[in-house]
>>> print(open('run07.txt').read())   # compact mmCIF, C-alpha atoms
# COMPACT_ATOMS: atom_id res chain seq x y z
CA MET E 1 -43.29 5.02 -72.62
CA SER E 2 -42.78 5.03 -76.39
CA ASN E 3 -39.51 5.97 -78.05
CA ALA E 4 -41.17 9.04 -79.61
CA THR E 5 -42.28 10.29 -76.18
CA THR E 6 -38.79 9.68 -74.75
CA ASP E 7 -37.17 11.64 -77.59
CA GLN E 8 -39.59 14.54 -77.03
CA HIS E 9 -38.75 14.70 -73.32
CA LEU E 10 -35.02 14.52 -74.12
CA ASP E 11 -35.23 17.30 -76.69
CA LYS E 12 -37.17 19.47 -74.22
CA ALA E 13 -34.61 18.84 -71.48
CA LEU E 14 -31.68 19.73 -73.71
CA SER E 15 -33.28 22.68 -75.44
CA GLY E 16 -31.76 25.19 -73.03
CA VAL E 17 -28.38 23.53 -72.72
CA ARG E 18 -25.40 25.44 -74.15
CA LEU E 19 -22.00 24.05 -74.96
CA PRO E 20 -19.10 25.33 -72.83
CA SER E 21 -17.44 28.35 -74.36
CA ARG E 22 -14.12 26.52 -74.47
CA LEU E 23 -15.55 24.32 -77.23
CA ASP E 24 -16.41 27.31 -79.37
CA PRO E 25 -14.02 27.18 -82.36
CA GLY E 26 -14.02 30.94 -82.57
CA GLU E 27 -12.34 31.27 -79.18
CA VAL E 28 -9.63 28.62 -79.59
CA SER E 29 -6.15 30.10 -79.99
CA ARG E 30 -3.17 28.21 -81.31
CA VAL E 31 -0.26 27.18 -79.13
CA PRO E 32 2.23 30.07 -78.72
CA PHE E 33 5.40 29.44 -80.70
CA MET E 34 7.75 29.98 -77.77
CA ARG E 35 5.79 27.40 -75.79
CA LEU E 36 6.49 24.92 -78.57
CA VAL E 37 10.18 25.80 -78.35
CA SER E 38 10.20 25.32 -74.56
CA VAL E 39 8.48 21.94 -74.97
CA GLU E 40 11.09 20.82 -77.50
CA LEU E 41 13.86 21.94 -75.17
CA ARG E 42 12.31 19.87 -72.40
CA LYS E 43 12.18 16.88 -74.75
CA LEU E 44 15.93 17.20 -75.29
CA ILE E 45 16.54 17.11 -71.54
CA ASP E 46 13.74 14.90 -70.21
CA THR E 47 14.16 11.95 -72.57
CA ARG E 48 16.77 9.39 -71.58
CA SER E 49 18.58 9.43 -74.92
CA GLY E 50 18.71 13.22 -75.08
CA ARG E 51 19.84 13.59 -71.49
CA TRP E 52 22.66 11.07 -71.83
CA LEU E 53 23.76 12.55 -75.14
CA LEU E 54 24.06 16.00 -73.53
CA ILE E 55 25.97 14.50 -70.60
CA GLY E 56 28.17 12.58 -73.02
CA ILE E 57 29.02 15.71 -75.02
CA ALA E 58 30.01 17.53 -71.82
CA LEU E 59 32.10 14.60 -70.54
CA VAL E 60 33.91 13.98 -73.83
CA THR E 61 34.67 17.68 -74.18
CA ALA E 62 36.03 17.76 -70.61
CA VAL E 63 38.20 14.68 -71.25
CA VAL E 64 39.69 16.14 -74.43
CA VAL E 65 40.47 19.44 -72.73
CA ALA E 66 41.93 17.61 -69.69
CA ILE E 67 44.24 15.57 -71.93
CA LEU E 68 45.56 18.79 -73.44
CA ALA E 69 46.00 20.28 -69.97
CA PHE E 70 48.04 17.49 -68.44
CA THR E 71 50.08 16.23 -71.38
CA GLY E 72 52.99 17.82 -73.17
CA LYS E 73 55.17 20.62 -71.96
CA ALA E 74 53.68 23.04 -69.45
CA ASP E 75 54.56 26.09 -71.51
CA THR E 76 53.52 24.74 -74.93
CA ASN E 77 49.97 24.98 -76.36
CA LYS E 78 48.43 25.79 -73.02
CA ASP E 79 46.85 29.14 -73.91
CA PHE E 80 43.12 29.79 -73.68
CA GLY E 81 42.90 29.71 -77.47
CA ASN E 82 44.41 26.20 -77.52
CA PHE E 83 41.89 24.89 -75.01
CA LEU E 84 39.05 26.59 -76.84
CA GLY E 85 40.20 24.97 -80.06
CA ALA E 86 40.32 21.57 -78.35
CA THR E 87 36.56 21.74 -77.73
CA ILE E 88 35.87 21.95 -81.47
CA ILE E 89 36.58 18.33 -82.43
CA PRO E 90 34.28 16.47 -79.99
CA GLN E 91 31.50 19.01 -80.34
CA SER E 92 31.69 19.02 -84.15
CA PHE E 93 31.24 15.26 -84.05
CA LEU E 94 28.50 15.00 -81.39
CA LEU E 95 26.41 18.16 -81.76
CA PRO E 96 24.96 17.11 -85.15
CA ILE E 97 23.81 13.85 -83.55
CA LEU E 98 21.85 15.97 -81.06
CA GLY E 99 20.22 17.72 -84.03
CA ILE E 100 19.40 14.38 -85.63
CA MET E 101 17.83 12.90 -82.51
CA ALA E 102 15.79 16.02 -81.82
CA VAL E 103 13.65 15.23 -84.84
CA THR E 104 13.96 11.46 -85.43
CA THR E 105 12.68 10.57 -81.95
CA GLU E 106 9.20 11.60 -83.05
CA TRP E 107 9.24 8.54 -85.33
CA SER E 108 11.53 6.15 -83.45
CA GLN E 109 9.66 6.61 -80.14
CA ARG E 110 6.23 6.89 -81.77
CA THR E 111 5.46 10.28 -80.23
CA GLY E 112 4.73 12.03 -83.51
CA LEU E 113 0.99 11.31 -83.39
CA VAL E 114 0.65 13.09 -80.03
CA THR E 115 2.89 15.98 -81.08
CA PHE E 116 1.08 16.64 -84.35
CA THR E 117 -2.33 16.25 -82.73
CA LEU E 118 -1.55 18.94 -80.16
CA GLU E 119 -0.06 21.15 -82.89
CA PRO E 120 -1.51 20.21 -86.30
CA LYS E 121 0.67 22.69 -88.19
CA ARG E 122 3.74 20.51 -88.57
CA ALA E 123 5.86 23.26 -90.09
CA ARG E 124 5.60 25.17 -86.78
CA VAL E 125 6.71 22.06 -84.92
CA ALA E 126 9.67 21.62 -87.27
CA VAL E 127 10.81 25.23 -86.87
CA SER E 128 10.40 25.06 -83.08
CA LYS E 129 12.51 21.89 -82.99
CA LEU E 130 15.21 23.57 -85.06
CA LEU E 131 15.25 26.65 -82.83
CA ALA E 132 15.34 24.47 -79.70
CA VAL E 133 18.29 22.43 -80.92
CA LEU E 134 20.15 25.61 -81.93
CA ILE E 135 19.61 27.01 -78.43
CA ALA E 136 20.92 23.76 -76.96
CA GLY E 137 23.90 23.89 -79.31
CA PHE E 138 24.65 27.45 -78.25
CA ALA E 139 24.53 26.41 -74.59
CA ILE E 140 26.91 23.50 -75.18
CA VAL E 141 29.39 25.67 -77.07
CA ALA E 142 29.23 28.20 -74.21
CA LEU E 143 29.82 25.38 -71.72
CA GLY E 144 32.83 24.30 -73.75
CA ALA E 145 34.23 27.83 -73.57
CA LEU E 146 33.78 27.82 -69.79
CA MET E 147 35.59 24.47 -69.61
CA ALA E 148 38.40 25.89 -71.72
CA ALA E 149 38.71 28.87 -69.36
CA GLY E 150 38.61 26.62 -66.29
CA PHE E 151 41.31 24.29 -67.54
CA THR E 152 43.43 27.23 -68.66
CA LEU E 153 43.33 28.56 -65.12
CA LEU E 154 43.85 25.08 -63.62
CA THR E 155 46.87 24.39 -65.80
CA ASP E 156 48.39 27.70 -64.80
CA MET E 157 47.86 26.93 -61.11
CA VAL E 158 49.06 23.32 -61.22
CA ARG E 159 51.74 23.40 -63.91
CA GLY E 160 52.68 27.08 -64.06
CA SER E 161 51.90 27.36 -67.74
CA ASP E 162 51.63 31.18 -67.74
CA PRO E 163 48.96 31.13 -70.50
CA SER E 164 47.83 33.85 -72.81
CA TRP E 165 44.13 34.69 -72.52
CA SER E 166 44.00 36.70 -75.70
CA VAL E 167 41.40 35.41 -78.17
CA SER E 168 39.81 37.62 -80.80
CA TRP E 169 36.05 37.94 -80.96
CA GLN E 170 36.20 36.72 -84.57
CA VAL E 171 37.49 33.34 -83.35
CA VAL E 172 34.71 33.00 -80.78
CA VAL E 173 31.98 34.01 -83.22
CA GLY E 174 33.47 31.79 -85.93
CA ILE E 175 33.45 28.73 -83.67
CA LEU E 176 29.89 29.44 -82.54
CA VAL E 177 28.52 29.96 -86.05
CA ALA E 178 30.35 26.91 -87.44
CA GLN E 179 29.05 24.67 -84.65
CA LEU E 180 25.49 25.92 -85.13
CA ILE E 181 25.80 25.13 -88.84
CA ASN E 182 26.87 21.61 -87.90
CA VAL E 183 23.85 21.28 -85.60
CA GLY E 184 21.58 22.53 -88.36
CA MET E 185 22.99 20.03 -90.86
CA GLY E 186 22.37 17.20 -88.42
CA PHE E 187 18.80 18.38 -87.91
CA ALA E 188 18.29 18.59 -91.68
CA PHE E 189 19.48 15.01 -92.22
CA GLY E 190 17.27 13.81 -89.37
CA ALA E 191 14.20 15.54 -90.78
CA LEU E 192 14.87 14.15 -94.24
CA ILE E 193 15.55 10.53 -93.26
CA GLN E 194 13.35 10.27 -90.10
CA ASN E 195 15.34 7.34 -88.77
CA THR E 196 18.03 7.77 -86.12
CA PRO E 197 20.59 5.13 -87.21
CA GLY E 198 20.10 5.89 -90.89
CA ALA E 199 20.44 9.65 -90.39
CA ILE E 200 23.57 9.30 -88.23
CA VAL E 201 25.28 6.93 -90.68
CA THR E 202 24.35 9.13 -93.64
CA TYR E 203 25.52 12.30 -91.93
CA LEU E 204 28.86 10.82 -90.87
CA PHE E 205 29.78 8.90 -94.00
CA LEU E 206 28.33 10.94 -96.86
CA PRO E 207 30.62 13.95 -96.22
CA ILE E 208 33.60 11.56 -95.87
CA VAL E 209 32.81 9.98 -99.23
CA TRP E 210 32.31 13.42 -100.75
CA SER E 211 35.65 14.61 -99.35
CA MET E 212 37.36 11.61 -100.95
CA VAL E 213 35.73 12.38 -104.27
CA ALA E 214 36.62 16.07 -103.96
CA SER E 215 40.28 15.16 -103.41
CA VAL E 216 40.53 13.91 -106.98
CA SER E 217 42.37 16.45 -109.09
CA TRP E 218 39.57 17.23 -111.53
CA MET E 219 37.04 17.54 -108.66
CA ARG E 220 39.22 19.66 -106.41
CA THR E 221 37.66 22.95 -107.47
CA VAL E 222 34.18 21.59 -106.86
CA GLY E 223 35.29 20.40 -103.42
CA GLU E 224 36.45 23.89 -102.50
CA TRP E 225 32.88 25.10 -102.99
CA ALA E 226 30.85 22.11 -101.81
CA ASP E 227 32.89 20.39 -99.09
CA THR E 228 31.93 21.74 -95.67
CA GLY E 229 35.14 20.29 -94.26
CA GLN E 230 36.99 22.85 -96.34
CA THR E 231 34.55 25.76 -96.25
CA LEU E 232 34.03 25.70 -92.46
CA GLN E 233 37.72 25.56 -91.56
CA PRO E 234 38.42 29.25 -92.31
CA LEU E 235 35.37 30.09 -90.17
CA PHE E 236 36.75 28.07 -87.24
CA ASP E 237 40.12 29.79 -87.68
CA ALA E 238 38.59 33.29 -88.11
CA GLN E 239 40.39 33.64 -91.45
CA MET E 240 37.45 34.22 -93.76
CA GLN E 241 38.45 36.39 -96.69
CA GLY E 242 37.81 36.87 -100.38
CA ASP E 243 35.53 34.21 -101.84
CA ASP E 244 35.51 32.15 -98.63
CA TRP E 245 32.09 33.56 -97.77
CA ALA E 246 30.69 32.57 -101.17
CA LYS E 247 32.15 29.06 -100.83
CA LEU E 248 30.62 28.74 -97.36
CA ALA E 249 27.24 29.89 -98.64
CA VAL E 250 27.26 27.35 -101.48
CA SER E 251 28.23 24.45 -99.20
CA VAL E 252 25.60 25.45 -96.62
CA LEU E 253 23.01 25.64 -99.38
CA ILE E 254 23.89 22.08 -100.47
CA TRP E 255 24.28 20.41 -97.08
CA LEU E 256 21.89 22.44 -94.91
CA VAL E 257 19.26 24.43 -96.78
CA LEU E 258 18.40 21.79 -99.40
CA PRO E 259 18.03 18.78 -97.06
CA LEU E 260 16.28 20.97 -94.47
CA THR E 261 13.72 22.13 -97.02
CA LEU E 262 13.10 18.59 -98.24
CA GLY E 263 13.01 17.33 -94.66
CA ILE E 264 10.37 19.83 -93.52
CA TRP E 265 8.36 19.06 -96.65
CA ARG E 266 8.51 15.37 -95.79
CA MET E 267 7.57 16.03 -92.16
CA VAL E 268 4.51 17.95 -93.29
CA ARG E 269 3.34 15.30 -95.74
CA SER E 270 4.46 11.97 -94.23
CA GLU E 271 2.03 9.65 -92.47
CA VAL E 272 2.37 9.45 -88.69
CA LYS E 273 1.58 6.19 -86.91
CA SER E 274 1.10 5.43 -83.24
CA SER E 275 2.45 1.87 -83.43
>>> encode(input="run07.txt", output="structure tokens")
Amino acid sequence: MSNATTDQHLDKALSGVRLPSRLDPGEVSRVPFMRLVSVELRKLIDTRSGRWLLIGIALVTAVVVAILAFTGKADTNKDFGNFLGATIIPQSFLLPILGIMAVTTEWSQRTGLVTFTLEPKRARVAVSKLLAVLIAGFAIVALGALMAAGFTLLTDMVRGSDPSWSVSWQVVVGILVAQLINVGMGFAFGALIQNTPGAIVTYLFLPIVWSMVASVSWMRTVGEWADTGQTLQPLFDAQMQGDDWAKLAVSVLIWLVLPLTLGIWRMVRSEVKSS
């Protein structure tokens, strides 16, 4: 049988064949945004590095609060507000690393090609990652508050501390917002640098260097507006007043909005490799 005859029989056999409707481009819908968020949350928990980082944050927070509970005088600095404040230091240090790793793992673990193939619109992936890490940060801050309450009660039962449970809602909201800003800054540095060690080192040391520069007399005024170490402190203490809000906005613009914008732009345009 000639090739021409074979082609004719093949064309006749396939003439009535229709492609499955699932391959019709007109019926393909994009991945729901909240599904992207849930996937990114699972990545934070299911990956070994993310899981151990979350466990580490919880353990370090518990250790710090336990040290406060069982050291010092039983009736000194053992109120709920003291324990809540004790959770700030370890979480301020570790939560941004969670934000960094949430985005840099796409490059360090070579999963970006799969992620951006399943969802080609990288900006949606970036926003879903940011929302997922903020949700995780909220959960960790809430867990810290529960630890603070538990150790307050435990200290009262074991040491008879007779604590005060009075904490204003401004303090709670201030701590939550400040910690979420820290998480967002970590995410922004991770998106911009796209390398876990580089992003962590940059995030930890650049603000320290900037704080040293801002301590110089002629730079002190600039530091009051651009140093997050100074602008976030009134938010942690629930003592925001006057131009504190403007100073906070300027510092967040410099250390969060600007690197986040550049980071998302780089995520959208950078080449993704599988190996």
>>> closest_residue(input="run07.txt", among="E:Val201, E:Ala214, E:Ile67, E:Leu134", to="Ala148 of chain E", atoms="all atoms listed in the file")
E:Ile67
>>> closest_residue(input="run07.txt", among="E:Phe93, E:Phe151, E:Tyr203, E:Phe138", to="Val173 of chain E", atoms="all atoms listed in the file")
E:Phe138
>>> closest_residue(input="run07.txt", among="E:Trp169, E:Phe116, E:Phe83, E:Phe189", to="Ala145 of chain E", atoms="only C-alpha atoms")
E:Phe83
>>> atom_distance(input="run07.txt", atom1="atom CA of Leu206 of chain E", atom2="atom CA of Gly263 of chain E")
16.7 Å
>>> closest_residue(input="run07.txt", among="E:Phe80, E:Val114, E:Lys73, E:Gly99", to="Leu154 of chain E", atoms="only C-alpha atoms")
E:Phe80
>>> closest_residue(input="run07.txt", among="E:Met101, E:Val183, E:Ala86, E:Ala58", to="Thr196 of chain E", atoms="only C-alpha atoms")
E:Met101
>>> closest_residue(input="run07.txt", among="E:Gln179, E:Thr117, E:Thr104, E:Ser215", to="Gln91 of chain E", atoms="all atoms listed in the file")
E:Gln179
>>> residues_around(input="run07.txt", residues="Gln233 of chain E", least_positions_apart="4", cutoff="10 Å", atoms="all atoms listed in the file", output="short mmCIF file (atom, residue, chain, number, x, y, z; two decimals) with C-alpha atoms, keeping the file's coordinate frame")
data_model
loop_
_atom_site.label_atom_id
_atom_site.label_comp_id
_atom_site.auth_asym_id
_atom_site.auth_seq_id
_atom_site.Cartn_x
_atom_site.Cartn_y
_atom_site.Cartn_z
CA GLY E 174 33.47 31.79 -85.93
CA ILE E 175 33.45 28.73 -83.67
CA ALA E 178 30.35 26.91 -87.44
CA THR E 228 31.93 21.74 -95.67
CA GLY E 229 35.14 20.29 -94.26
CA ASP E 237 40.12 29.79 -87.68
CA ALA E 238 38.59 33.29 -88.11
CA GLN E 239 40.39 33.64 -91.45
CA MET E 240 37.45 34.22 -93.76
CA ASP E 244 35.51 32.15 -98.63
CA LEU E 248 30.62 28.74 -97.36
#
>>> atom_distance(input="run07.txt", atom1="atom CA of Thr221 of chain E", atom2="atom CA of Gly184 of chain E")
25.0 Å
>>> atom_distance(input="run07.txt", atom1="atom CA of Asn182 of chain E", atom2="atom CA of Val216 of chain E")
24.7 Å
>>> residues_around(input="run07.txt", residues="Arg42 of chain E", least_positions_apart="4", cutoff="12 Å", atoms="all atoms listed in the file", output="list of chain:residue names")
E:Arg35, E:Leu36, E:Val37, E:Ser38, E:Asp46, E:Thr47, E:Arg48, E:Gly50, E:Arg51, E:Ala102, E:Lys129, E:Ala132, E:Val133, E:Ile135, E:Ala136
>>> write_last_selection(input="run07.txt", atoms="C-alpha atoms", output="PDB file, in the coordinates of the input")
ATOM      1  CA  ARG E  35       5.790  27.400 -75.790  1.00  0.00           C
ATOM      2  CA  LEU E  36       6.490  24.920 -78.570  1.00  0.00           C
ATOM      3  CA  VAL E  37      10.180  25.800 -78.350  1.00  0.00           C
ATOM      4  CA  SER E  38      10.200  25.320 -74.560  1.00  0.00           C
ATOM      5  CA  ASP E  46      13.740  14.900 -70.210  1.00  0.00           C
ATOM      6  CA  THR E  47      14.160  11.950 -72.570  1.00  0.00           C
ATOM      7  CA  ARG E  48      16.770   9.390 -71.580  1.00  0.00           C
ATOM      8  CA  GLY E  50      18.710  13.220 -75.080  1.00  0.00           C
ATOM      9  CA  ARG E  51      19.840  13.590 -71.490  1.00  0.00           C
ATOM     10  CA  ALA E 102      15.790  16.020 -81.820  1.00  0.00           C
ATOM     11  CA  LYS E 129      12.510  21.890 -82.990  1.00  0.00           C
ATOM     12  CA  ALA E 132      15.340  24.470 -79.700  1.00  0.00           C
ATOM     13  CA  VAL E 133      18.290  22.430 -80.920  1.00  0.00           C
ATOM     14  CA  ILE E 135      19.610  27.010 -78.430  1.00  0.00           C
ATOM     15  CA  ALA E 136      20.920  23.760 -76.960  1.00  0.00           C
TER      16      ALA E 136
END
>>> residues_around(input="run07.txt", residues="Ala188 of chain E", least_positions_apart="3", cutoff="10 Å", atoms="all atoms listed in the file", output="list of chain:residue names")
E:Pro96, E:Gly99, E:Ile100, E:Val103, E:Leu130, E:Asn182, E:Val183, E:Gly184, E:Met185, E:Ala191, E:Leu192, E:Ile193, E:Gln194, E:Ala199, E:Tyr203, E:Trp255, E:Leu256, E:Val257, E:Leu258, E:Pro259, E:Leu260, E:Thr261, E:Leu262, E:Gly263, E:Ile264
